[in-house]
Amino acid sequence: MQPSAFRHKLLTALLLAPATAWLVVFLVLPFVAIVVFSVGERAPEGGYQAALTLAQYANLPARATAFWNTLILAPVGAFACLLVAYPVAYYIALRVPERWRLVLLALIVIPFWTSLLIRTYAWMYLLGGRGIPALLSYVGIEDLRLINTPGAVLLGIVYGYLPLMILPIYVSLERLDRRLLEASADLGATPLSTFFGVTLRLSLPGVMTGFSLVMILLLGEYLIPTLLGGGKVFFIGNALVDLFLQSRNWPFGSAIAVTLVLVSVIVLVIANRVSARYSGARQVDLI
């Protein structure tokens, strides 16, 4: 090996060492610990007791309701975010004058600087008995229940995660070559055909990035189902809090956490496949 090549590899290794160490200490090792816990047993006083068993994974159906709610409401919530986010991102990227884009993006991001807890409490008031239902009662709509329902949870999801869906879609649309749209129109394509054949297809990496990001975060969501669902809409995140902090069944909670990680990986793989197949993009960049 040439001395220059060796020095180059050594320099690369030294530059990557801090990030590698960070990932190993704060990502790999905790996950390894969770995997070890998941094949153990609950100690008599709670916590972890060393063992080698798959009984915790066999017991996953005991939390089927949490899995079912999460696997239904998480993609539905992500899709609802997408339906709201795409027109907004499209308008800002392709219709708004360039001097106003930054202002509108700031207006979208600024609410994200406020604590999600405070914003969710605000929705609790709006959806509670003294909020929207009280206003509707004046026009004759009585006994309307909005809080502690799946609809309230979905509303909180869309409101809370909408900026994370808008930004990657906006980036894809903002980078779109406008000449392709003009060429499509010159060749006689209708606006609808241009949208599906050019705009949507080329913005698909951003769509899949936003969808994957929101979907993965929703798989572990705890706060919104707790406050807006009132304990009646139970997510996997709620099950993990219960198992680790209340019943102290760490092995079972770890088995659920490992399963959650595997589901997240599957979501990323599907997103990459869809993006690569329909847009020609190699991967979905989450950063």
# chains A, B, ... in the order shown; residues from 1 in each chain; ligands from 1
>>> residues_around(residues="Leu105 in chain A", least_positions_apart="4", cutoff="10 Å", atoms="only C-alpha atoms", output="PyMOL selection string")
chain A and resi 88-89+92-93+100-101+109-110+163+166-167+170
>>> residues_around(residues="range 65-82 of chain A", least_positions_apart="5", cutoff="8 Å", atoms="only C-alpha atoms", output="list in words")
Pro150, Leu154, Ile157, Val158, Tyr161, Leu162, Met165, Ile166, Val207, Gly210, Phe211, Val214, Met215, Leu218, Leu219, Val233, Phe234, Phe235, Ile236, Asn238 and Ala239 of chain A
>>> write_last_selection(atoms="N, CA and C atoms", output="short mmCIF file (atom, residue, chain, number, x, y, z; two decimals), in the first residue's frame")
data_model
loop_
_atom_site.label_atom_id
_atom_site.label_comp_id
_atom_site.auth_asym_id
_atom_site.auth_seq_id
_atom_site.Cartn_x
_atom_site.Cartn_y
_atom_site.Cartn_z
N PRO A 150 -60.84 8.17 18.30
CA PRO A 150 -59.80 8.04 17.27
C PRO A 150 -59.69 9.26 16.37
N LEU A 154 -56.32 11.37 15.46
CA LEU A 154 -55.88 11.65 14.09
C LEU A 154 -55.68 13.15 13.87
N ILE A 157 -52.49 14.12 15.44
CA ILE A 157 -51.37 13.62 14.65
C ILE A 157 -51.10 14.53 13.46
N VAL A 158 -52.16 14.89 12.73
CA VAL A 158 -51.98 15.75 11.56
C VAL A 158 -51.41 17.10 11.97
N TYR A 161 -47.58 16.64 13.32
CA TYR A 161 -46.52 16.15 12.45
C TYR A 161 -46.56 16.75 11.04
N LEU A 162 -47.46 17.69 10.80
CA LEU A 162 -47.59 18.26 9.46
C LEU A 162 -46.30 18.92 8.95
N MET A 165 -43.93 16.59 7.29
CA MET A 165 -44.36 16.09 5.99
C MET A 165 -44.19 17.15 4.91
N ILE A 166 -44.44 18.40 5.26
CA ILE A 166 -44.38 19.47 4.26
C ILE A 166 -42.96 19.72 3.79
N VAL A 207 -42.01 12.72 -1.01
CA VAL A 207 -43.25 12.17 -0.44
C VAL A 207 -42.94 10.97 0.44
N GLY A 210 -41.11 12.04 3.71
CA GLY A 210 -42.03 12.58 4.71
C GLY A 210 -42.93 11.51 5.29
N PHE A 211 -43.45 10.64 4.42
CA PHE A 211 -44.34 9.59 4.90
C PHE A 211 -43.60 8.64 5.84
N VAL A 214 -42.80 10.47 9.29
CA VAL A 214 -43.99 10.60 10.14
C VAL A 214 -44.46 9.23 10.62
N MET A 215 -44.45 8.26 9.73
CA MET A 215 -44.91 6.92 10.09
C MET A 215 -44.06 6.31 11.20
N LEU A 218 -44.76 7.98 14.48
CA LEU A 218 -46.09 7.62 14.99
C LEU A 218 -46.10 6.21 15.59
N LEU A 219 -45.23 5.34 15.11
CA LEU A 219 -45.19 3.99 15.66
C LEU A 219 -44.84 4.00 17.15
N VAL A 233 -57.69 5.08 23.28
CA VAL A 233 -56.98 4.78 22.04
C VAL A 233 -55.54 4.48 22.43
N PHE A 234 -55.21 3.21 22.48
CA PHE A 234 -53.95 2.74 23.05
C PHE A 234 -52.96 2.43 21.93
N PHE A 235 -51.80 3.10 21.95
CA PHE A 235 -50.74 2.86 20.99
C PHE A 235 -49.65 1.99 21.62
N ILE A 236 -48.71 1.54 20.79
CA ILE A 236 -47.60 0.74 21.29
C ILE A 236 -46.78 1.55 22.29
N ASN A 238 -47.85 3.69 24.41
CA ASN A 238 -48.52 3.61 25.70
C ASN A 238 -48.27 2.27 26.38
N ALA A 239 -48.23 1.20 25.58
CA ALA A 239 -47.95 -0.12 26.13
C ALA A 239 -46.53 -0.18 26.69
#
>>> closest_residue(among="A:Gly46, A:Ala5, A:Thr194, A:Phe37", to="Leu245 in chain A", atoms="only C-alpha atoms")
A:Gly46
>>> closest_residue(among="A:Gly206, A:Leu126, A:Val261, A:Thr12", to="Leu27 in chain A", atoms="only C-alpha atoms")
A:Val261
>>> atom_distance(atom1="CA of Val84 in chain A", atom2="CA of Gly128 in chain A")
23.9 Å
>>> closest_residue(among="A:Pro111, A:Pro168, A:Pro191, A:Gly151", to="Gly229 in chain A", atoms="only C-alpha atoms")
A:Gly151
>>> residues_around(residues="Trp123 in chain A", least_positions_apart="4", cutoff="8 Å", atoms="only C-alpha atoms", output="mmCIF file with N, CA, C and O atoms, in the first residue's frame")
data_model
loop_
_atom_site.group_PDB
_atom_site.id
_atom_site.type_symbol
_atom_site.label_atom_id
_atom_site.label_comp_id
_atom_site.auth_asym_id
_atom_site.auth_seq_id
_atom_site.Cartn_x
_atom_site.Cartn_y
_atom_site.Cartn_z
ATOM 1 N N ARG A 119 -49.245 22.315 22.800
ATOM 2 C CA ARG A 119 -50.142 22.347 21.644
ATOM 3 C C ARG A 119 -51.224 21.282 21.751
ATOM 4 O O ARG A 119 -52.365 21.479 21.332
ATOM 5 N N LEU A 127 -61.374 20.559 21.700
ATOM 6 C CA LEU A 127 -62.234 19.406 21.429
ATOM 7 C C LEU A 127 -63.077 19.007 22.635
ATOM 8 O O LEU A 127 -63.975 18.168 22.511
ATOM 9 N N GLY A 156 -54.890 15.364 16.146
ATOM 10 C CA GLY A 156 -53.659 15.732 16.833
ATOM 11 C C GLY A 156 -52.421 15.288 16.074
ATOM 12 O O GLY A 156 -51.406 15.994 16.049
ATOM 13 N N LEU A 228 -55.349 13.061 23.881
ATOM 14 C CA LEU A 228 -56.541 13.202 23.039
ATOM 15 C C LEU A 228 -57.348 11.917 22.945
ATOM 16 O O LEU A 228 -58.515 11.957 22.554
#
>>> select_by_dssp(residues="range 37-213 of chain A", states="alpha helix (DSSP H)", output="number ranges by chain")
A: 37-38, 55-58, 64-94, 98-109, 116-127, 132-137, 150-174, 178-186, 191-194, 200-202, 204-213
